[in-house]
file work_1.pdb (PDB, C-alpha atoms)
MODEL        1
ATOM      1  CA  MET Y   1       0.000   0.000   0.000
ATOM      2  CA  LEU Y   2       2.862   2.369   0.705
ATOM      3  CA  GLN Y   3       4.237   2.137  -2.823
ATOM      4  CA  GLN Y   4       3.706   5.607  -4.335
ATOM      5  CA  THR Y   5       1.131   6.460  -1.650
ATOM      6  CA  GLN Y   6       1.655   8.538   1.486
ATOM      7  CA  VAL Y   7       1.209   7.110   4.964
ATOM      8  CA  ALA Y   8      -1.624   9.542   5.769
ATOM      9  CA  THR Y   9      -3.631   8.167   2.853
ATOM     10  CA  VAL Y  10      -2.822   4.518   3.565
ATOM     11  CA  LEU Y  11      -3.959   4.779   7.197
ATOM     12  CA  ARG Y  12      -7.590   5.099   6.074
ATOM     13  CA  TYR Y  13      -7.387   1.820   4.147
ATOM     14  CA  PHE Y  14      -4.978  -0.428   6.044
ATOM     15  CA  GLU Y  15      -7.055  -1.408   9.079
ATOM     16  CA  PRO Y  16     -10.315  -2.069   7.156
ATOM     17  CA  PHE Y  17      -8.319  -4.127   4.652
ATOM     18  CA  ILE Y  18      -6.670  -6.199   7.395
ATOM     19  CA  ARG Y  19     -10.023  -6.737   9.103
ATOM     20  CA  ALA Y  20     -11.463  -8.023   5.824
ATOM     21  CA  PHE Y  21      -8.426 -10.185   5.005
ATOM     22  CA  PRO Y  22      -6.621 -10.980   8.289
ATOM     23  CA  SER Y  23      -4.358 -13.650   6.790
ATOM     24  CA  ILE Y  24      -2.790 -14.687   3.501
ATOM     25  CA  LYS Y  25      -5.244 -17.577   3.324
ATOM     26  CA  ASP Y  26      -8.204 -15.229   3.793
ATOM     27  CA  LEU Y  27      -6.906 -12.980   1.050
ATOM     28  CA  ALA Y  28      -6.323 -15.920  -1.286
ATOM     29  CA  ALA Y  29      -9.846 -17.240  -0.657
ATOM     30  CA  ALA Y  30     -11.491 -13.915  -1.509
ATOM     31  CA  SER Y  31     -12.525 -12.811  -4.979
ATOM     32  CA  GLU Y  32     -10.383 -10.327  -6.854
ATOM     33  CA  GLN Y  33     -13.403  -8.025  -7.104
ATOM     34  CA  SER Y  34     -13.737  -8.010  -3.305
ATOM     35  CA  VAL Y  35     -10.063  -7.113  -2.947
ATOM     36  CA  LEU Y  36     -10.439  -4.275  -5.461
ATOM     37  CA  CYS Y  37     -13.502  -2.989  -3.592
ATOM     38  CA  HIS Y  38     -11.486  -2.707  -0.373
ATOM     39  CA  TRP Y  39      -8.686  -0.992  -2.294
ATOM     40  CA  GLU Y  40     -11.042   1.450  -4.027
ATOM     41  CA  GLY Y  41      -9.982   5.096  -3.799
ATOM     42  CA  MET Y  42      -6.296   4.448  -3.098
ATOM     43  CA  GLY Y  43      -5.279   4.279  -6.757
ATOM     44  CA  TYR Y  44      -2.563   2.258  -8.483
ATOM     45  CA  TYR Y  45      -4.892  -0.731  -8.568
ATOM     46  CA  THR Y  46      -2.272  -2.979 -10.148
ATOM     47  CA  ARG Y  47      -0.854  -3.291  -6.637
ATOM     48  CA  ALA Y  48      -4.091  -4.842  -5.397
ATOM     49  CA  GLY Y  49      -4.126  -7.352  -8.240
ATOM     50  CA  ASN Y  50      -0.499  -8.300  -7.624
ATOM     51  CA  LEU Y  51      -1.110  -8.658  -3.891
ATOM     52  CA  TYR Y  52      -4.080 -10.929  -4.552
ATOM     53  CA  ARG Y  53      -2.191 -13.119  -7.023
ATOM     54  CA  ALA Y  54       0.803 -13.318  -4.674
ATOM     55  CA  ALA Y  55      -1.488 -14.454  -1.847
ATOM     56  CA  ARG Y  56      -2.981 -17.175  -4.022
ATOM     57  CA  ASN Y  57       0.527 -18.319  -4.954
ATOM     58  CA  LEU Y  58       1.623 -18.415  -1.317
ATOM     59  CA  ASP Y  59      -1.522 -20.264  -0.286
ATOM     60  CA  ALA Y  60      -1.079 -22.878  -3.005
ATOM     61  CA  ASP Y  61       2.671 -23.420  -2.748
ATOM     62  CA  HIS Y  62       3.726 -22.330   0.763
ATOM     63  CA  ASP Y  63       0.748 -23.085   3.019
ATOM     64  CA  GLY Y  64      -0.108 -19.386   3.263
ATOM     65  CA  ARG Y  65       3.292 -18.377   4.670
ATOM     66  CA  VAL Y  66       5.861 -15.841   3.494
ATOM     67  CA  PRO Y  67       9.011 -17.776   2.499
ATOM     68  CA  ASN Y  68      12.325 -16.760   4.028
ATOM     69  CA  ASP Y  69      13.986 -17.028   0.618
ATOM     70  CA  PRO Y  70      14.807 -13.946  -1.506
ATOM     71  CA  GLU Y  71      14.698 -15.914  -4.748
ATOM     72  CA  VAL Y  72      11.301 -17.461  -4.049
ATOM     73  CA  PHE Y  73       9.730 -14.339  -2.560
ATOM     74  CA  GLY Y  74      11.209 -12.193  -5.333
ATOM     75  CA  SER Y  75       9.413 -14.293  -7.951
ATOM     76  CA  LEU Y  76       5.950 -13.364  -6.638
ATOM     77  CA  PRO Y  77       3.764 -10.949  -8.651
ATOM     78  CA  GLY Y  78       4.547  -7.310  -7.886
ATOM     79  CA  VAL Y  79       7.664  -8.030  -5.800
ATOM     80  CA  GLY Y  80      10.561  -5.880  -6.940
ATOM     81  CA  ARG Y  81      13.772  -4.955  -5.188
ATOM     82  CA  TYR Y  82      12.100  -2.510  -2.793
ATOM     83  CA  ILE Y  83       9.330  -4.881  -1.651
ATOM     84  CA  LEU Y  84      11.845  -7.725  -1.397
ATOM     85  CA  GLY Y  85      14.083  -5.763   0.969
ATOM     86  CA  ALA Y  86      11.234  -4.182   2.928
ATOM     87  CA  VAL Y  87       9.474  -7.454   3.718
ATOM     88  CA  LEU Y  88      12.364  -9.858   4.220
ATOM     89  CA  SER Y  89      14.566  -7.471   6.212
ATOM     90  CA  GLN Y  90      11.747  -6.747   8.657
ATOM     91  CA  ALA Y  91      10.190 -10.218   8.765
ATOM     92  CA  PHE Y  92      13.366 -12.316   8.851
ATOM     93  CA  ASP Y  93      16.207  -9.832   9.456
ATOM     94  CA  ARG Y  94      17.565 -10.597   5.994
ATOM     95  CA  ARG Y  95      20.490  -8.342   5.080
ATOM     96  CA  LEU Y  96      18.722  -6.626   2.189
ATOM     97  CA  PRO Y  97      18.602  -2.861   1.541
ATOM     98  CA  ILE Y  98      15.671  -0.569   0.807
ATOM     99  CA  VAL Y  99      15.863   2.437  -1.485
ATOM    100  CA  GLU Y 100      12.758   4.622  -1.718
ATOM    101  CA  ALA Y 101      12.214   8.383  -1.890
ATOM    102  CA  ASN Y 102      13.199   9.174   1.706
ATOM    103  CA  SER Y 103      16.127   6.808   2.156
ATOM    104  CA  ARG Y 104      17.364   7.713  -1.332
ATOM    105  CA  ARG Y 105      17.537  11.390  -0.347
ATOM    106  CA  VAL Y 106      19.472  10.538   2.843
ATOM    107  CA  LEU Y 107      21.967   8.431   0.904
ATOM    108  CA  LEU Y 108      22.504  11.006  -1.848
ATOM    109  CA  ARG Y 109      23.191  13.734   0.703
ATOM    110  CA  LEU Y 110      25.398  11.455   2.759
ATOM    111  CA  LEU Y 111      27.479  10.735  -0.352
ATOM    112  CA  GLY Y 112      27.258  14.287  -1.680
ATOM    113  CA  GLN Y 113      25.756  13.102  -4.976
ATOM    114  CA  ARG Y 114      22.981  14.663  -7.024
ATOM    115  CA  SER Y 115      20.026  12.808  -8.578
ATOM    116  CA  GLY Y 116      22.082  11.987 -11.654
ATOM    117  CA  PHE Y 117      24.292   9.693  -9.588
ATOM    118  CA  ALA Y 118      25.126   6.778 -11.909
ATOM    119  CA  ALA Y 119      22.306   4.257 -12.258
ATOM    120  CA  THR Y 120      20.449   5.640  -9.238
ATOM    121  CA  ARG Y 121      17.763   2.976  -9.158
ATOM    122  CA  ASP Y 122      19.675  -0.167  -9.979
ATOM    123  CA  GLY Y 123      23.302   0.707  -9.490
ATOM    124  CA  ALA Y 124      25.500   2.693  -7.175
ATOM    125  CA  ILE Y 125      22.830   3.976  -4.812
ATOM    126  CA  TRP Y 126      21.635   0.427  -4.074
ATOM    127  CA  GLN Y 127      25.230  -0.673  -3.581
ATOM    128  CA  ALA Y 128      25.768   2.164  -1.106
ATOM    129  CA  ALA Y 129      22.591   1.195   0.763
ATOM    130  CA  GLU Y 130      23.777  -2.399   0.998
ATOM    131  CA  VAL Y 131      27.258  -1.476   2.247
ATOM    132  CA  LEU Y 132      25.753   0.530   5.113
ATOM    133  CA  LEU Y 133      23.567  -2.319   6.375
ATOM    134  CA  PRO Y 134      24.322  -3.696   9.845
ATOM    135  CA  HIS Y 135      24.493  -7.429  10.479
ATOM    136  CA  ARG Y 136      21.679  -7.383  13.027
ATOM    137  CA  ARG Y 137      18.315  -5.608  13.226
ATOM    138  CA  VAL Y 138      18.440  -4.864   9.503
ATOM    139  CA  GLY Y 139      14.728  -4.191   9.333
ATOM    140  CA  ASP Y 140      14.988  -1.611  12.113
ATOM    141  CA  PHE Y 141      17.888   0.038  10.309
ATOM    142  CA  ASN Y 142      15.970   0.234   7.021
ATOM    143  CA  GLN Y 143      12.930   1.665   8.777
ATOM    144  CA  ALA Y 144      15.091   4.190  10.639
ATOM    145  CA  LEU Y 145      16.710   5.347   7.393
ATOM    146  CA  MET Y 146      13.286   5.949   5.852
ATOM    147  CA  GLU Y 147      12.062   7.769   8.961
ATOM    148  CA  LEU Y 148      15.212   9.888   9.015
ATOM    149  CA  GLY Y 149      14.453  11.042   5.486
ATOM    150  CA  ALA Y 150      10.778  11.637   6.214
ATOM    151  CA  LEU Y 151      11.212  13.557   9.473
ATOM    152  CA  VAL Y 152      14.721  15.061   9.565
ATOM    153  CA  CYS Y 153      16.479  14.908   6.199
ATOM    154  CA  THR Y 154      13.476  16.472   4.478
ATOM    155  CA  PRO Y 155      13.359  17.711   0.865
ATOM    156  CA  THR Y 156      13.530  21.348   1.987
ATOM    157  CA  ALA Y 157      14.946  22.866   5.179
ATOM    158  CA  PRO Y 158      16.570  19.640   6.454
ATOM    159  CA  GLN Y 159      17.170  19.641  10.213
ATOM    160  CA  CYS Y 160      20.893  18.950  10.036
ATOM    161  CA  ASP Y 161      21.503  19.928  13.665
ATOM    162  CA  ALA Y 162      19.183  17.112  14.777
ATOM    163  CA  CYS Y 163      20.585  14.517  12.374
ATOM    164  CA  PRO Y 164      22.711  11.667  13.806
ATOM    165  CA  LEU Y 165      24.621  11.453  10.492
ATOM    166  CA  THR Y 166      25.689  15.109  10.320
ATOM    167  CA  GLU Y 167      29.398  14.480  10.916
ATOM    168  CA  PHE Y 168      29.465  11.893   8.103
ATOM    169  CA  CYS Y 169      27.342  13.882   5.612
ATOM    170  CA  LYS Y 170      29.295  15.185   2.620
ATOM    171  CA  ALA Y 171      26.452  17.437   1.488
ATOM    172  CA  ARG Y 172      26.428  19.112   4.909
ATOM    173  CA  ARG Y 173      30.212  19.629   4.848
ATOM    174  CA  LEU Y 174      29.975  21.225   1.379
ATOM    175  CA  GLY Y 175      26.907  23.270   2.273
ATOM    176  CA  LEU Y 176      24.898  21.534  -0.457
ATOM    177  CA  GLN Y 177      22.173  19.939   1.648
ATOM    178  CA  GLU Y 178      19.537  22.262   0.153
ATOM    179  CA  GLU Y 179      20.673  21.523  -3.414
ATOM    180  CA  ILE Y 180      21.000  17.748  -3.177
ATOM    181  CA  PRO Y 181      19.399  15.662  -4.532
ATOM    182  CA  GLY Y 182      18.001  18.350  -6.819
ATOM    183  CA  LYS Y 183      14.693  18.388  -8.594
ATOM    184  CA  SER Y 184      13.880  15.890 -11.303
ATOM    185  CA  PRO Y 185      12.324  17.393 -14.424
ATOM    186  CA  THR Y 186       8.542  17.376 -14.254
ATOM    187  CA  PRO Y 187       6.892  15.618 -17.204
ATOM    188  CA  PRO Y 188       4.643  17.934 -19.216
ATOM    189  CA  GLU Y 189       0.934  17.820 -18.511
ATOM    190  CA  LYS Y 190      -1.306  16.141 -21.052
ATOM    191  CA  VAL Y 191      -4.843  17.437 -21.540
ATOM    192  CA  ILE Y 192      -7.325  14.664 -22.375
ATOM    193  CA  GLN Y 193     -10.976  15.037 -23.352
ATOM    194  CA  GLU Y 194     -13.239  12.030 -22.806
ATOM    195  CA  VAL Y 195     -16.905  11.232 -23.312
ATOM    196  CA  GLY Y 196     -18.955   8.761 -21.286
ATOM    197  CA  VAL Y 197     -22.486   7.424 -21.658
ATOM    198  CA  VAL Y 198     -24.734   6.282 -18.815
ATOM    199  CA  VAL Y 199     -26.927   3.796 -20.674
ATOM    200  CA  CYS Y 200     -30.289   3.196 -18.991
ATOM    201  CA  LYS Y 201     -32.550   0.198 -19.680
ATOM    202  CA  LYS Y 202     -35.836   0.520 -17.833
ATOM    203  CA  HIS Y 203     -34.702   0.811 -14.203
ATOM    204  CA  ARG Y 204     -31.158  -0.455 -14.689
ATOM    205  CA  ILE Y 205     -27.804   1.026 -15.752
ATOM    206  CA  LEU Y 206     -25.025  -0.582 -17.792
ATOM    207  CA  LEU Y 207     -21.734  -1.060 -15.927
ATOM    208  CA  VAL Y 208     -18.758  -2.491 -17.830
ATOM    209  CA  GLN Y 209     -15.504  -4.126 -16.722
ATOM    210  CA  ARG Y 210     -12.148  -2.944 -18.009
ATOM    211  CA  PRO Y 211      -9.462  -5.261 -19.486
ATOM    212  CA  THR Y 212      -7.109  -7.297 -17.317
ATOM    213  CA  ARG Y 213      -4.182  -5.019 -18.191
ATOM    214  CA  GLY Y 214      -3.604  -1.287 -18.305
ATOM    215  CA  ARG Y 215      -5.025   1.548 -16.226
ATOM    216  CA  TRP Y 216      -7.749   0.497 -13.767
ATOM    217  CA  ALA Y 217      -7.360  -3.160 -14.799
ATOM    218  CA  CYS Y 218     -10.436  -5.295 -13.979
ATOM    219  CA  MET Y 219     -12.231  -2.309 -12.443
ATOM    220  CA  TRP Y 220     -15.785  -1.442 -13.456
ATOM    221  CA  GLU Y 221     -17.002   1.810 -14.983
ATOM    222  CA  PHE Y 222     -19.623   3.530 -17.062
ATOM    223  CA  PRO Y 223     -18.516   3.192 -20.703
ATOM    224  CA  HIS Y 224     -16.292   6.038 -21.854
ATOM    225  CA  ASP Y 225     -13.467   6.759 -24.251
ATOM    226  CA  GLN Y 226     -11.146   9.514 -25.368
ATOM    227  CA  ILE Y 227     -12.436  11.809 -28.110
ATOM    228  CA  ARG Y 228     -10.685  11.169 -31.398
ATOM    229  CA  THR Y 229      -9.408  13.770 -33.819
ATOM    230  CA  SER Y 230     -12.238  15.634 -35.600
ATOM    231  CA  GLU Y 231     -14.920  14.003 -33.381
ATOM    232  CA  SER Y 232     -17.544  16.088 -31.638
ATOM    233  CA  LEU Y 233     -18.854  15.160 -28.185
ATOM    234  CA  ASP Y 234     -22.037  13.731 -29.710
ATOM    235  CA  SER Y 235     -20.277  11.710 -32.398
ATOM    236  CA  ALA Y 236     -17.829  10.272 -29.855
ATOM    237  CA  ALA Y 237     -20.713   9.263 -27.582
ATOM    238  CA  ARG Y 238     -22.495   7.551 -30.479
ATOM    239  CA  ARG Y 239     -19.297   5.723 -31.495
ATOM    240  CA  ILE Y 240     -18.899   4.418 -27.954
ATOM    241  CA  THR Y 241     -22.390   2.936 -27.815
ATOM    242  CA  ARG Y 242     -22.248   1.447 -31.313
ATOM    243  CA  LYS Y 243     -18.637   0.306 -31.649
ATOM    244  CA  MET Y 244     -17.605  -0.409 -28.055
ATOM    245  CA  LEU Y 245     -20.923  -1.775 -26.754
ATOM    246  CA  ALA Y 246     -22.785  -2.977 -29.891
ATOM    247  CA  LEU Y 247     -25.936  -1.251 -28.638
ATOM    248  CA  GLN Y 248     -28.457   1.077 -30.183
ATOM    249  CA  VAL Y 249     -28.891   3.981 -27.785
ATOM    250  CA  ARG Y 250     -30.891   7.185 -27.989
ATOM    251  CA  LEU Y 251     -28.537   9.857 -26.728
ATOM    252  CA  GLY Y 252     -29.982  12.198 -24.143
ATOM    253  CA  PRO Y 253     -28.780  15.407 -22.494
ATOM    254  CA  GLU Y 254     -25.465  15.939 -20.755
ATOM    255  CA  LEU Y 255     -25.556  14.510 -17.255
ATOM    256  CA  LEU Y 256     -22.442  16.142 -15.796
ATOM    257  CA  THR Y 257     -18.770  16.921 -16.419
ATOM    258  CA  LEU Y 258     -16.040  15.371 -14.268
ATOM    259  CA  LYS Y 259     -12.488  16.695 -14.049
ATOM    260  CA  HIS Y 260      -9.718  14.605 -12.533
ATOM    261  CA  SER Y 261      -6.011  13.873 -12.856
ATOM    262  CA  VAL Y 262      -3.997  10.674 -13.235
ATOM    263  CA  ASN Y 263      -0.273  11.380 -12.943
ATOM    264  CA  GLN Y 264       0.346  14.067 -15.610
ATOM    265  CA  ASP Y 265      -2.949  13.462 -17.417
ATOM    266  CA  ARG Y 266      -5.554  16.185 -16.899
ATOM    267  CA  ILE Y 267      -8.824  14.547 -17.865
ATOM    268  CA  THR Y 268     -12.192  16.137 -18.562
ATOM    269  CA  LEU Y 269     -14.991  13.572 -18.852
ATOM    270  CA  VAL Y 270     -18.329  14.743 -20.270
ATOM    271  CA  CYS Y 271     -21.086  12.259 -19.385
ATOM    272  CA  TYR Y 272     -24.312  11.865 -21.338
ATOM    273  CA  GLU Y 273     -27.527  10.085 -20.547
ATOM    274  CA  GLY Y 274     -28.483   7.344 -22.996
ATOM    275  CA  GLU Y 275     -31.683   5.321 -23.379
ATOM    276  CA  TYR Y 276     -31.262   1.708 -24.485
ATOM    277  CA  ARG Y 277     -33.134   0.925 -27.715
ATOM    278  CA  ALA Y 278     -31.844  -2.433 -28.996
ATOM    279  CA  GLY Y 279     -28.937  -4.879 -29.141
ATOM    280  CA  ASN Y 280     -27.001  -7.234 -26.884
ATOM    281  CA  PHE Y 281     -23.862  -6.061 -25.144
ATOM    282  CA  LYS Y 282     -20.729  -7.165 -26.991
ATOM    283  CA  SER Y 283     -17.314  -5.548 -26.787
ATOM    284  CA  LYS Y 284     -13.774  -6.127 -27.976
ATOM    285  CA  PHE Y 285     -12.495  -3.800 -25.241
ATOM    286  CA  TYR Y 286     -14.570  -4.424 -22.126
ATOM    287  CA  GLN Y 287     -14.500  -7.866 -20.478
ATOM    288  CA  ASN Y 288     -18.051  -7.869 -19.193
ATOM    289  CA  GLY Y 289     -21.192  -5.799 -19.022
ATOM    290  CA  ARG Y 290     -23.860  -5.874 -16.301
ATOM    291  CA  TRP Y 291     -27.260  -4.210 -16.127
ATOM    292  CA  LEU Y 292     -27.563  -3.055 -12.518
ATOM    293  CA  TYR Y 293     -30.036  -1.240 -10.346
ATOM    294  CA  PRO Y 294     -28.530   1.951  -8.856
ATOM    295  CA  SER Y 295     -28.468   0.368  -5.391
ATOM    296  CA  GLN Y 296     -26.135  -2.357  -6.725
ATOM    297  CA  LEU Y 297     -23.444   0.058  -7.936
ATOM    298  CA  GLN Y 298     -21.814   0.159  -4.500
ATOM    299  CA  ASP Y 299     -20.953  -3.544  -4.746
ATOM    300  CA  PHE Y 300     -18.614  -3.128  -7.724
ATOM    301  CA  PRO Y 301     -15.085  -1.637  -7.559
ATOM    302  CA  VAL Y 302     -14.781   1.556  -9.585
ATOM    303  CA  SER Y 303     -12.201   4.360  -9.792
ATOM    304  CA  ALA Y 304     -12.615   7.544  -7.744
ATOM    305  CA  PRO Y 305     -14.097   9.677 -10.578
ATOM    306  CA  GLN Y 306     -16.462   6.869 -11.560
ATOM    307  CA  ARG Y 307     -17.574   6.574  -7.928
ATOM    308  CA  LYS Y 308     -18.547  10.270  -8.000
ATOM    309  CA  LEU Y 309     -20.776   9.554 -10.974
ATOM    310  CA  ALA Y 310     -22.212   6.443  -9.292
ATOM    311  CA  ARG Y 311     -23.152   8.457  -6.191
ATOM    312  CA  ILE Y 312     -25.004  10.963  -8.345
ATOM    313  CA  LEU Y 313     -26.935   8.155 -10.021
ATOM    314  CA  GLN Y 314     -27.776   6.689  -6.610
ATOM    315  CA  GLY Y 315     -28.899  10.076  -5.298
ATOM    316  CA  THR Y 316     -31.338  12.732  -6.369
ATOM    317  CA  ARG Y 317     -30.437  12.423 -10.039
ATOM    318  CA  GLN Y 318     -31.927   8.925 -10.044
ATOM    319  CA  ARG Y 319     -35.457  10.346 -10.139
ATOM    320  CA  THR Y 320     -34.862  12.093 -13.459
ATOM    321  CA  LEU Y 321     -33.149   9.101 -15.033
ATOM    322  CA  PHE Y 322     -35.891   6.645 -14.195
TER
ENDMDL
END

call {"tool": "encode", "arguments": {"input": "work_1.pdb", "output": "structure tokens"}}
result
Amino acid sequence: MLQQTQVATVLRYFEPFIRAFPSIKDLAAASEQSVLCHWEGMGYYTRAGNLYRAARNLDADHDGRVPNDPEVFGSLPGVGRYILGAVLSQAFDRRLPIVEANSRRVLLRLLGQRSGFAATRDGAIWQAAEVLLPHRRVGDFNQALMELGALVCTPTAPQCDACPLTEFCKARRLGLQEEIPGKSPTPPEKVIQEVGVVVCKKHRILLVQRPTRGRWACMWEFPHDQIRTSESLDSAARRITRKMLALQVRLGPELLTLKHSVNQDRITLVCYEGEYRAGNFKSKFYQNGRWLYPSQLQDFPVSAPQRKLARILQGTRQRTLF
């Protein structure tokens, strides 16, 4: 959960998740959709899928236990060098390093190196982290290094006078602690215009499931797509219903406009109402389609912007749709 997500955000999800899945066996026995529902709102949903598949692997091959073997544990879905070191150093005191944003900053300042330090992710910085490891309480050391970066060796205004590594810190000696590690170039923003259609059939709404790969994999949503060159909002909406759903739909008025961001993508989603006329759902893009009553929408995992739309459909807007 802590990969690319701050502790303050994770705290809202961790305890409910652990209550729902208190053991590896419980997690393995659940459905992937249930796991995604408990993860909903935290983003980076690939993590949830990898965690679920790893649990099923551990349940099948290791009696629901985490193996004290870097090669075996490292072969699990979603386990890279950071997860490998984080779990095995703290669970089994394995002498494995961790390099993440906070510990990376500490190490770069300690060595007096900027962000361009050779092969930062897979090379010298990991070697430096490994050299510094003690032979006992490795997990505590790794955690302390991360906490040092989070609380003392902060990105701006580092508290060098309170740092236990001050006398060894090259950046401090050179007066470069404010300049190291330096800022990485920010990728340019990308403006994306999308159109969605809430297709209504009597008292039910069409919800569709995304592919097994890519953004929001296996999550559910109201059908939508990016507007293509030379398309208008109306023509894009009609293409979605005909080409992506194989349905005949009478397009209604605009329901609402949602604005949200995913990394550097700035997305504007214009949602239309649509009345089902004919056809059977069939799609080369979406895995599945379900006709649901508004009260059922809460049982399916959807992304944060799609949940906003679902709440509107479950609320006062429902009276005008049906």

call {"tool": "resolve_selection", "arguments": {"input": "work_1.pdb", "expression": "the PyMOL selection byres ((chain Y and resi 39-41) around 8)", "output": "ChimeraX atom specification"}}
result
/Y:13,17,35-38,42-43,45,48,301-304

call {"tool": "resolve_selection", "arguments": {"input": "work_1.pdb", "expression": "the PyMOL selection byres ((chain Y and resi 203) around 9)", "output": "PyMOL selection string"}}
result
chain Y and resi 200-202+204-205+292-294+321-322

call {"tool": "write_last_selection", "arguments": {"input": "work_1.pdb", "atoms": "C-alpha atoms", "output": "PDB file, keeping the file's coordinate frame"}}
result
ATOM      1  CA  CYS Y 200     -30.289   3.196 -18.991  1.00  0.00           C
ATOM      2  CA  LYS Y 201     -32.550   0.198 -19.680  1.00  0.00           C
ATOM      3  CA  LYS Y 202     -35.836   0.520 -17.833  1.00  0.00           C
ATOM      4  CA  ARG Y 204     -31.158  -0.455 -14.689  1.00  0.00           C
ATOM      5  CA  ILE Y 205     -27.804   1.026 -15.752  1.00  0.00           C
ATOM      6  CA  LEU Y 292     -27.563  -3.055 -12.518  1.00  0.00           C
ATOM      7  CA  TYR Y 293     -30.036  -1.240 -10.346  1.00  0.00           C
ATOM      8  CA  PRO Y 294     -28.530   1.951  -8.856  1.00  0.00           C
ATOM      9  CA  LEU Y 321     -33.149   9.101 -15.033  1.00  0.00           C
ATOM     10  CA  PHE Y 322     -35.891   6.645 -14.195  1.00  0.00           C
TER      11      PHE Y 322
END

call {"tool": "axis_aligned_box", "arguments": {"input": "work_1.pdb", "around": "segment 286-296 of chain Y", "padding_each_side": "8 Å", "output": "JSON"}}
result
{"center_x": -22.3, "center_y": -3.0, "center_z": -13.8, "size_x": 31.5, "size_y": 25.8, "size_z": 32.7}

call {"tool": "residues_around", "arguments": {"input": "work_1.pdb", "residues": "Ser232 of chain Y", "least_positions_apart": "4", "cutoff": "12 Å", "atoms": "all atoms listed in the file", "output": "list in words"}}
result
Gln193, Glu194, Val195, Gln226, Ile227, Arg228, Ala236, Ala237, Arg238, Arg239 and Val270 of chain Y

call {"tool": "write_last_selection", "arguments": {"input": "work_1.pdb", "atoms": "C-alpha atoms", "output": "PDB file, in the frame of the given file"}}
result
ATOM      1  CA  GLN Y 193     -10.976  15.037 -23.352  1.00  0.00           C
ATOM      2  CA  GLU Y 194     -13.239  12.030 -22.806  1.00  0.00           C
ATOM      3  CA  VAL Y 195     -16.905  11.232 -23.312  1.00  0.00           C
ATOM      4  CA  GLN Y 226     -11.146   9.514 -25.368  1.00  0.00           C
ATOM      5  CA  ILE Y 227     -12.436  11.809 -28.110  1.00  0.00           C
ATOM      6  CA  ARG Y 228     -10.685  11.169 -31.398  1.00  0.00           C
ATOM      7  CA  ALA Y 236     -17.829  10.272 -29.855  1.00  0.00           C
ATOM      8  CA  ALA Y 237     -20.713   9.263 -27.582  1.00  0.00           C
ATOM      9  CA  ARG Y 238     -22.495   7.551 -30.479  1.00  0.00           C
ATOM     10  CA  ARG Y 239     -19.297   5.723 -31.495  1.00  0.00           C
ATOM     11  CA  VAL Y 270     -18.329  14.743 -20.270  1.00  0.00           C
TER      12      VAL Y 270
END

call {"tool": "residues_around", "arguments": {"input": "work_1.pdb", "residues": "Leu145 of chain Y", "least_positions_apart": "5", "cutoff": "8 Å", "atoms": "all atoms listed in the file", "output": "PyMOL selection string"}}
result
chain Y and resi 102-103+106

call {"tool": "atom_distance", "arguments": {"input": "work_1.pdb", "atom1": "atom CA of Val208 of chain Y", "atom2": "atom CA of Arg12 of chain Y"}}
result
27.5 Å

call {"tool": "resolve_selection", "arguments": {"input": "work_1.pdb", "expression": "the PyMOL selection byres ((chain Y and resi 262) around 12)", "output": "number ranges by chain"}}
result
Y: 43-44, 189-192, 215-216, 259-261, 263-268, 303-305

call {"tool": "write_last_selection", "arguments": {"input": "work_1.pdb", "atoms": "C-alpha atoms", "output": "CSV table (one decimal), in the frame of the given file"}}
result
chain,number,residue,atom,x,y,z
Y,43,GLY,CA,-5.3,4.3,-6.8
Y,44,TYR,CA,-2.6,2.3,-8.5
Y,189,GLU,CA,0.9,17.8,-18.5
Y,190,LYS,CA,-1.3,16.1,-21.1
Y,191,VAL,CA,-4.8,17.4,-21.5
Y,192,ILE,CA,-7.3,14.7,-22.4
Y,215,ARG,CA,-5.0,1.5,-16.2
Y,216,TRP,CA,-7.7,0.5,-13.8
Y,259,LYS,CA,-12.5,16.7,-14.0
Y,260,HIS,CA,-9.7,14.6,-12.5
Y,261,SER,CA,-6.0,13.9,-12.9
Y,263,ASN,CA,-0.3,11.4,-12.9
Y,264,GLN,CA,0.3,14.1,-15.6
Y,265,ASP,CA,-2.9,13.5,-17.4
Y,266,ARG,CA,-5.6,16.2,-16.9
Y,267,ILE,CA,-8.8,14.5,-17.9
Y,268,THR,CA,-12.2,16.1,-18.6
Y,303,SER,CA,-12.2,4.4,-9.8
Y,304,ALA,CA,-12.6,7.5,-7.7
Y,305,PRO,CA,-14.1,9.7,-10.6

call {"tool": "residues_around", "arguments": {"input": "work_1.pdb", "residues": "segment 273-277 of chain Y", "least_positions_apart": "5", "cutoff": "9 Å", "atoms": "all atoms listed in the file", "output": "list in words"}}
result
Gly196, Val197, Val198, Val199, Cys200, Lys201, Lys202, Thr241, Leu247, Gln248, Val249, Arg250, Leu251, Gly252, Pro253, Glu254, Leu255 and Leu321 of chain Y

call {"tool": "atom_distance", "arguments": {"input": "work_1.pdb", "atom1": "atom CA of Leu110 of chain Y", "atom2": "atom CA of Ala124 of chain Y"}}
result
13.2 Å

call {"tool": "atom_distance", "arguments": {"input": "work_1.pdb", "atom1": "atom CA of Glu178 of chain Y", "atom2": "atom CA of Thr9 of chain Y"}}
result
27.3 Å

call {"tool": "closest_residue", "arguments": {"input": "work_1.pdb", "among": "Y:Arg109, Y:Arg95, Y:His62, Y:Arg53", "to": "Gly78 of chain Y", "atoms": "only C-alpha atoms"}}
result
Y:Arg53

call {"tool": "closest_residue", "arguments": {"input": "work_1.pdb", "among": "Y:Trp291, Y:Phe14, Y:Phe73, Y:Phe285", "to": "Gly214 of chain Y", "atoms": "all atoms listed in the file"}}
result
Y:Phe285

call {"tool": "closest_residue", "arguments": {"input": "work_1.pdb", "among": "Y:Ser89, Y:Thr166, Y:Ser31, Y:Asn50", "to": "Leu111 of chain Y", "atoms": "all atoms listed in the file"}}
result
Y:Thr166
